[in-house]
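Everything on this sheet refers to the single structure shown next.
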There are 2 protein chains.
Amino acid sequence: MTNNYRVVVHFDGTEYYGWQFQRPEYPTIQAELIRVLKIIAKKQVLVTGSSRTDAGVHSSGLTANFHLPITIEPESLRRALNSLLPKDIRIMECQLMDKSFNARFGAHSKTYVYRIFTGQVQSPFSQRFALHIPFPLDVKAMRKAARYFVGAKDFSSFTSDEPGKKRAREVDMFKMQVKNEEITFSVRGKSFLRYMVRNMVGTLIDVGKGKIKAEEIPAIFAAKDRRRAGQTAPAKGLTLVKVEYQLQKPQGTPE
Amino acid sequence: MTNNYRVVVHFDGTEYYGWQFQRPEYPTIQAELIRVLKIIAKKQVLVTGSSRTDAGVHSSGLTANFHLPITIEPESLRRALNSLLPKDIRIMECQLMDKSFNARFGAHSKTYVYRIFTGQVQSPFSQRFALHIPFPLDVKAMRKAARYFVGAKDFSSFTSDEPGKKRAREVDMFKMQVKNEEITFSVRGKSFLRYMVRNMVGTLIDVGKGKIKAEEIPAIFAAKDRRRAGQTAPAKGLTLVKVEYQLQKPQGTPE
């Protein structure tokens with residue numbers, strides 16, 4: 001008998017090698033969760049995450065699930081997890097779910113936010129969470145270029161994924177907001193290729209610098225060649241903010 | 001011939017042993033400034049700070065000054081300093097001042113902010129800058145108690161300073177704001193004794209927990225005994241936000 005728990009995990013990814021477990025000497029979010037769940041459940045459990053975030057990327061929405069061989073109220077489990085996890089990883093929500101819930105395969109949309117600060121001096125209080133480019137960018141050209149990223153397309157030019165995999169993805173929202181000296185991109189899709197969001201943002205930064213013209217974006221898509229697009233924007237500006245699921249039945253009480 | 005520069009330094013104090021230089025193996029803000037100024041001026045220079053902040057305390061207002069034996073535009077100096085300093089220390093302002101300006105003795109008021117988050121789970125994005133108390137505090141009692149801190153008083157019960165020193169200080173503002181699950185104290189005075197702000201806040205936390213009654217504060221002042229007041233609130237919630245000076249003449253151009 002096991003209980004299937006869903007958790008929403010917020011983390012400051014600065015000190016981590018991303019979500020996914022690698023070697024023990026590299027701290028990752030998944031490894032931390034496995035470690036503390038072993039203390040709580042007295043057994044090694046599998047932890048499934050909605051997304052493999054890159055090293056240095058943050059989360060205020062990543063969702064995970066795991067089947068525990070013990071009976072514990074979600075609220076008590078949340079408290080136990082937070083008391084054992086480092087302070088830069090926090091379990092914000094914890095729910096008991098139907099046996100079938102899977103945080104990875106059930107996800108039908110993910111939203112990422114990328115923040116850029118373009119003022120001269122970046123505050124030490126936000127420097128962990130926003131990229132600093134210390135001069136104004138051509139936001140009009142960037143806005144124009146960003147429109148080309150919306151829709152169902154072959155994103156080969158915007159991923160480092162090895163050849164042979166399917167590269168068609170659908171971006172259903174790519175919003176750009178400019179407020180004072182901060183530029184924020186919000187990107188939503190069902191799923192993303194490796195480095196895809198960071199490569200789109202990096203290309204927009206090159207547009208903002210005048211290195212790439214907005215009108216060139218369709219040709220970059222058509223080339224299906226990673227070398228045609230812009231740089232990969234640094235991880236620190238990126239945060240996974242929301243993962244949405246089809247209606248899933250939360251279960252009443254643990255078995 | 002030297003030029004007297006005034007800088008406003010913002011820093012995330014999490015990784016530092018406070019403002020003041022100690023031993024080389026302990027990173028401090030002052031030591032970092034001395035280090036990078038030596039690179040720029042090719043000479044060891046004295047750096048005077050408005051305040052000695054404790055280990056772990058942050059700043060969005062600490063002011064410092066130093067006399068450089070070189071001629072450099074304030075704007076170029078600011079850029080040079082920021083390019084050499086770690087990202088958790090930033091020079092936000094840099095001005096050329098009259099020879100007489102002294103960041104320590106010229107200061108006529110300092111404002112500190114102390115932040116407490118009382119929700120159940122503290123976000124990893126603000127955990128470096130606010131104390132977490134995961135349950136509601138009696139804010140009405142705290143507000144009542146906070147009023148006793150305003151005025152010219154003997155603060156012996158609220159400092160760890162060794163006996164014999166003068167302990168009279170004047171607090172001209174002690175404001176408490178409650179917004180959702182965050183409590184913010186703003187405290188202003190000409191100068192403060194060691195740990196004084198953190199001891200006042202710690203005492204208010206004990207009032208909020210019901211350990212100390214608001215009405216007991218006058219007796220705690222009268223006792224002139226550190227042991228009568230509450231705990232020292234942790235450094236991480238404290239930020240020096242503003243240092244004000246009597247009107248000082250900025251100088252036009254470097255000599």
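Chain labels follow the order of the structure tokens: the first chain is A, the next B, and so on; residue numbering restarts at 1 in every chain, and ligands are counted from 1 in their shown order.
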Quick one: everything within 10 Å of Gly208 of chain B, counting only C-alpha atoms, minus sequence neighbours fewer than 4 positions away in the same chain. Send it as a short mmCIF file (atom, residue, chain, number, x, y, z; two decimals) with all heavy atoms, in the first residue's frame.
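What ended up in out.cif:
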```cif
data_model
loop_
_atom_site.label_atom_id
_atom_site.label_comp_id
_atom_site.auth_asym_id
_atom_site.auth_seq_id
_atom_site.Cartn_x
_atom_site.Cartn_y
_atom_site.Cartn_z
N PRO B 136 1.70 33.11 13.75
CA PRO B 136 1.33 34.51 13.95
C PRO B 136 1.82 35.03 15.30
O PRO B 136 1.87 34.29 16.28
CB PRO B 136 -0.20 34.49 13.93
CG PRO B 136 -0.60 33.16 13.40
CD PRO B 136 0.52 32.21 13.72
N LEU B 137 2.20 36.29 15.32
CA LEU B 137 2.62 36.94 16.57
C LEU B 137 1.52 37.91 17.01
O LEU B 137 0.69 38.33 16.19
CB LEU B 137 3.92 37.71 16.33
CG LEU B 137 5.15 36.86 15.94
CD1 LEU B 137 6.31 37.76 15.51
CD2 LEU B 137 5.57 35.96 17.10
N ASP B 138 1.51 38.26 18.27
CA ASP B 138 0.53 39.21 18.78
C ASP B 138 0.97 40.63 18.39
O ASP B 138 1.68 41.30 19.14
CB ASP B 138 0.44 39.05 20.31
CG ASP B 138 -0.60 39.98 20.93
OD1 ASP B 138 -1.08 40.92 20.25
OD2 ASP B 138 -0.95 39.74 22.11
N VAL B 139 0.55 41.04 17.19
CA VAL B 139 1.04 42.32 16.66
C VAL B 139 0.52 43.52 17.45
O VAL B 139 1.17 44.56 17.50
CB VAL B 139 0.70 42.50 15.15
CG1 VAL B 139 1.47 41.47 14.31
CG2 VAL B 139 -0.78 42.40 14.88
N LYS B 140 -0.63 43.36 18.07
CA LYS B 140 -1.18 44.47 18.85
C LYS B 140 -0.28 44.75 20.06
O LYS B 140 0.07 45.89 20.35
CB LYS B 140 -2.60 44.09 19.31
CG LYS B 140 -3.51 45.29 19.46
CD LYS B 140 -4.92 44.87 19.88
CE LYS B 140 -5.47 45.85 20.91
NZ LYS B 140 -6.75 45.39 21.48
N ALA B 141 0.11 43.69 20.73
CA ALA B 141 1.00 43.84 21.90
C ALA B 141 2.36 44.38 21.46
O ALA B 141 2.96 45.22 22.14
CB ALA B 141 1.16 42.50 22.61
N MET B 142 2.83 43.90 20.29
CA MET B 142 4.13 44.36 19.79
C MET B 142 4.11 45.85 19.48
O MET B 142 5.05 46.58 19.76
CB MET B 142 4.51 43.57 18.53
CG MET B 142 4.84 42.12 18.81
SD MET B 142 4.89 41.12 17.30
CE MET B 142 6.56 41.42 16.74
N ARG B 143 3.01 46.29 18.87
CA ARG B 143 2.87 47.70 18.52
C ARG B 143 2.91 48.58 19.79
O ARG B 143 3.54 49.64 19.81
CB ARG B 143 1.54 47.90 17.79
CG ARG B 143 1.60 48.88 16.65
CD ARG B 143 0.24 49.05 16.02
NE ARG B 143 -0.05 48.11 14.95
CZ ARG B 143 0.45 48.18 13.72
NH1 ARG B 143 1.32 49.14 13.41
NH2 ARG B 143 0.12 47.33 12.79
N ALA B 145 4.28 47.75 22.66
CA ALA B 145 5.63 47.69 23.25
C ALA B 145 6.61 48.56 22.47
O ALA B 145 7.48 49.20 23.06
CB ALA B 145 6.11 46.24 23.28
N GLY B 202 14.26 41.69 18.98
CA GLY B 202 14.15 40.40 19.67
C GLY B 202 13.21 40.47 20.86
O GLY B 202 12.44 39.54 21.13
N THR B 203 13.26 41.59 21.57
CA THR B 203 12.37 41.77 22.71
C THR B 203 10.91 41.87 22.23
O THR B 203 10.00 41.28 22.82
CB THR B 203 12.78 43.04 23.49
OG1 THR B 203 14.14 42.87 23.91
CG2 THR B 203 11.89 43.27 24.70
N LEU B 204 10.72 42.57 21.10
CA LEU B 204 9.36 42.67 20.54
C LEU B 204 8.85 41.30 20.08
O LEU B 204 7.66 41.00 20.20
CB LEU B 204 9.33 43.65 19.37
CG LEU B 204 9.53 45.11 19.76
CD1 LEU B 204 9.46 45.99 18.51
CD2 LEU B 204 8.48 45.55 20.78
N ILE B 212 7.00 38.16 27.06
CA ILE B 212 7.21 39.42 27.77
C ILE B 212 5.96 40.27 27.53
O ILE B 212 5.41 40.25 26.43
CB ILE B 212 8.46 40.17 27.22
CG1 ILE B 212 9.75 39.37 27.52
CG2 ILE B 212 8.57 41.58 27.79
CD1 ILE B 212 11.03 40.00 26.93
N LYS B 213 5.49 40.98 28.54
CA LYS B 213 4.32 41.86 28.37
C LYS B 213 4.79 43.25 27.94
O LYS B 213 5.84 43.72 28.39
CB LYS B 213 3.56 41.97 29.70
CG LYS B 213 2.75 40.73 30.04
CD LYS B 213 1.71 41.09 31.12
CE LYS B 213 0.80 39.90 31.40
NZ LYS B 213 1.55 38.76 32.02
N ALA B 214 3.99 43.89 27.10
CA ALA B 214 4.34 45.24 26.63
C ALA B 214 4.59 46.18 27.81
O ALA B 214 5.52 46.98 27.80
CB ALA B 214 3.22 45.79 25.74
#
```
Using only C-alpha atoms, what does the table of chain A residues within 6 Å of chain B look like, with each row giving the shortest atom pair and its distance in Å to one decimal, sorted by chain and ascending number, as CSV?
```
residue,atom,partner,partner_atom,distance
A:Phe11,CA,B:Pro124,CA,5.6
A:Asp12,CA,B:Pro124,CA,5.7
A:Asp88,CA,B:Pro124,CA,4.7
A:Pro124,CA,B:Asp88,CA,4.7
```
Can you write out the residues you just picked, keeping C-alpha atoms, as a CSV table (one decimal), in the first residue's frame?
```csv
chain,number,residue,atom,x,y,z
A,11,PHE,CA,13.9,26.9,-5.0
A,12,ASP,CA,16.7,29.3,-5.4
A,88,ASP,CA,16.8,27.5,-0.5
A,124,PRO,CA,22.7,42.7,-4.7
```
Between A:Ser191, A:Thr239, A:Thr71, A:Asn4, which has the minimum distance to Asn102 of chain A (counting only C-alpha atoms)?
->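 The answer is A:Asn4, which sits nearest to Asn102 of chain A.
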For Arg198 of chain B, please output as number ranges by chain all residues within 8 Å (counting only C-alpha atoms; exclusion window: fewer than 4 positions along the same chain).
-> B: 202, 232-235, 238
Which of these residues is nearest to Gln95 of chain B, using only C-alpha atoms: B:Glu25, B:Glu73, B:Glu244, B:Glu170?
-> B:Glu73
Write out as a list in words each polymer residue whose atoms come within 9 Å of Lys43 of chain B, counting only C-alpha atoms; drop sequence neighbours fewer than 3 positions from it.
->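 Close residues of Lys43 of chain B: Leu37, Lys38, Ile39, Ile40, Leu68 and Pro69 of chain B.
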Only C-alpha atoms, please: the residues just picked out, written as a PDB file, in the first residue's frame.
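After the write, part_26.pdb holds the following:
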```pdb
ATOM      1  CA  LEU B  37      40.799  50.316  -4.178  1.00  0.00           C
ATOM      2  CA  LYS B  38      44.373  49.106  -3.914  1.00  0.00           C
ATOM      3  CA  ILE B  39      44.089  47.748  -7.454  1.00  0.00           C
ATOM      4  CA  ILE B  40      42.625  51.021  -8.725  1.00  0.00           C
ATOM      5  CA  LEU B  68      42.447  58.647  -3.232  1.00  0.00           C
ATOM      6  CA  PRO B  69      45.868  59.863  -4.403  1.00  0.00           C
TER       7      PRO B  69
END
```
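Nearest residue to Ala31 of chain B, choosing from B:Thr111, B:Thr48, B:Asn3, B:Ser156 and counting only C-alpha atoms: B:Thr48.
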Assign secondary structure with DSSP using the backbone only, and return the residues of segment 78-165 of chain A in alpha helix (DSSP H) as a VMD selection string.
-> chain A and resid 78 to 84 139 to 146
Create the file for the chosen residues now, containing all heavy atoms and written as a compact mmCIF listing (two decimals), in the first residue's frame.
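In the end it all went to out_18.txt:
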```txt
# COMPACT_ATOMS: atom_id res chain seq x y z
N ARG A 78 4.51 17.95 4.57
CA ARG A 78 5.08 19.22 4.12
C ARG A 78 6.00 19.81 5.20
O ARG A 78 7.12 20.24 4.93
CB ARG A 78 3.95 20.22 3.78
CG ARG A 78 4.43 21.48 3.09
CD ARG A 78 3.31 22.41 2.70
NE ARG A 78 2.54 22.90 3.81
CZ ARG A 78 3.01 23.71 4.75
NH1 ARG A 78 4.24 24.13 4.70
NH2 ARG A 78 2.24 24.09 5.73
N ARG A 79 5.50 19.78 6.43
CA ARG A 79 6.31 20.31 7.55
C ARG A 79 7.58 19.51 7.74
O ARG A 79 8.66 20.07 7.95
CB ARG A 79 5.48 20.31 8.83
CG ARG A 79 4.79 21.64 9.09
CD ARG A 79 4.44 21.76 10.57
NE ARG A 79 3.46 20.76 10.96
CZ ARG A 79 2.15 20.93 10.89
NH1 ARG A 79 1.66 22.10 10.49
NH2 ARG A 79 1.31 19.98 11.24
N ALA A 80 7.46 18.19 7.67
CA ALA A 80 8.63 17.32 7.87
C ALA A 80 9.67 17.57 6.77
O ALA A 80 10.87 17.69 7.04
CB ALA A 80 8.20 15.86 7.88
N LEU A 81 9.19 17.67 5.54
CA LEU A 81 10.11 17.92 4.42
C LEU A 81 10.84 19.25 4.61
O LEU A 81 12.07 19.32 4.50
CB LEU A 81 9.34 17.94 3.09
CG LEU A 81 8.85 16.58 2.56
CD1 LEU A 81 7.82 16.76 1.45
CD2 LEU A 81 10.03 15.74 2.06
N ASN A 82 10.08 20.30 4.92
CA ASN A 82 10.71 21.61 5.08
C ASN A 82 11.68 21.67 6.26
O ASN A 82 12.65 22.42 6.23
CB ASN A 82 9.65 22.71 5.20
CG ASN A 82 9.04 23.05 3.84
OD1 ASN A 82 9.70 22.92 2.81
ND2 ASN A 82 7.78 23.46 3.84
N SER A 83 11.41 20.87 7.27
CA SER A 83 12.33 20.91 8.42
C SER A 83 13.65 20.21 8.08
O SER A 83 14.66 20.47 8.73
CB SER A 83 11.67 20.26 9.64
OG SER A 83 11.65 18.85 9.50
N LEU A 84 13.64 19.36 7.06
CA LEU A 84 14.86 18.62 6.70
C LEU A 84 15.58 19.19 5.47
O LEU A 84 16.77 18.96 5.28
CB LEU A 84 14.52 17.15 6.43
CG LEU A 84 14.03 16.35 7.65
CD1 LEU A 84 13.38 15.03 7.21
CD2 LEU A 84 15.19 16.06 8.61
N VAL A 139 14.06 47.48 -27.26
CA VAL A 139 12.91 46.68 -26.85
C VAL A 139 11.86 46.57 -27.95
O VAL A 139 11.12 45.59 -28.03
CB VAL A 139 12.24 47.20 -25.54
CG1 VAL A 139 13.20 47.03 -24.36
CG2 VAL A 139 11.80 48.64 -25.66
N LYS A 140 11.82 47.57 -28.81
CA LYS A 140 10.84 47.54 -29.91
C LYS A 140 11.18 46.39 -30.86
O LYS A 140 10.32 45.59 -31.24
CB LYS A 140 10.89 48.88 -30.66
CG LYS A 140 9.55 49.27 -31.25
CD LYS A 140 9.62 50.62 -31.94
CE LYS A 140 8.82 50.60 -33.23
NZ LYS A 140 9.05 51.84 -34.03
N ALA A 141 12.45 46.28 -31.21
CA ALA A 141 12.88 45.19 -32.10
C ALA A 141 12.69 43.84 -31.42
O ALA A 141 12.28 42.85 -32.05
CB ALA A 141 14.35 45.38 -32.49
N MET A 142 12.96 43.78 -30.10
CA MET A 142 12.81 42.53 -29.36
C MET A 142 11.35 42.07 -29.35
O MET A 142 11.05 40.89 -29.52
CB MET A 142 13.31 42.69 -27.93
CG MET A 142 14.82 42.90 -27.83
SD MET A 142 15.33 43.46 -26.20
CE MET A 142 15.42 41.91 -25.31
N ARG A 143 10.46 43.04 -29.15
CA ARG A 143 9.03 42.74 -29.12
C ARG A 143 8.57 42.16 -30.47
O ARG A 143 7.79 41.21 -30.53
CB ARG A 143 8.25 44.02 -28.82
CG ARG A 143 7.10 43.83 -27.88
CD ARG A 143 6.35 45.14 -27.68
NE ARG A 143 6.85 45.94 -26.57
CZ ARG A 143 6.59 45.66 -25.28
NH1 ARG A 143 5.89 44.60 -24.95
NH2 ARG A 143 7.05 46.44 -24.31
N LYS A 144 9.09 42.75 -31.51
CA LYS A 144 8.76 42.30 -32.86
C LYS A 144 9.27 40.88 -33.08
O LYS A 144 8.56 40.00 -33.58
CB LYS A 144 9.43 43.27 -33.86
CG LYS A 144 8.86 43.25 -35.25
CD LYS A 144 9.45 44.40 -36.06
CE LYS A 144 9.25 44.17 -37.56
NZ LYS A 144 10.02 45.15 -38.35
N ALA A 145 10.51 40.64 -32.69
CA ALA A 145 11.12 39.33 -32.87
C ALA A 145 10.42 38.26 -32.03
O ALA A 145 10.25 37.12 -32.47
CB ALA A 145 12.60 39.39 -32.50
N ALA A 146 9.98 38.64 -30.83
CA ALA A 146 9.37 37.66 -29.90
C ALA A 146 8.12 37.04 -30.49
O ALA A 146 7.79 35.88 -30.20
CB ALA A 146 9.06 38.35 -28.56
```
How many Å separate atom CA of Phe66 of chain A from atom CA of Lys190 of chain A?
->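 These atoms are spaced 21.8 Å apart.
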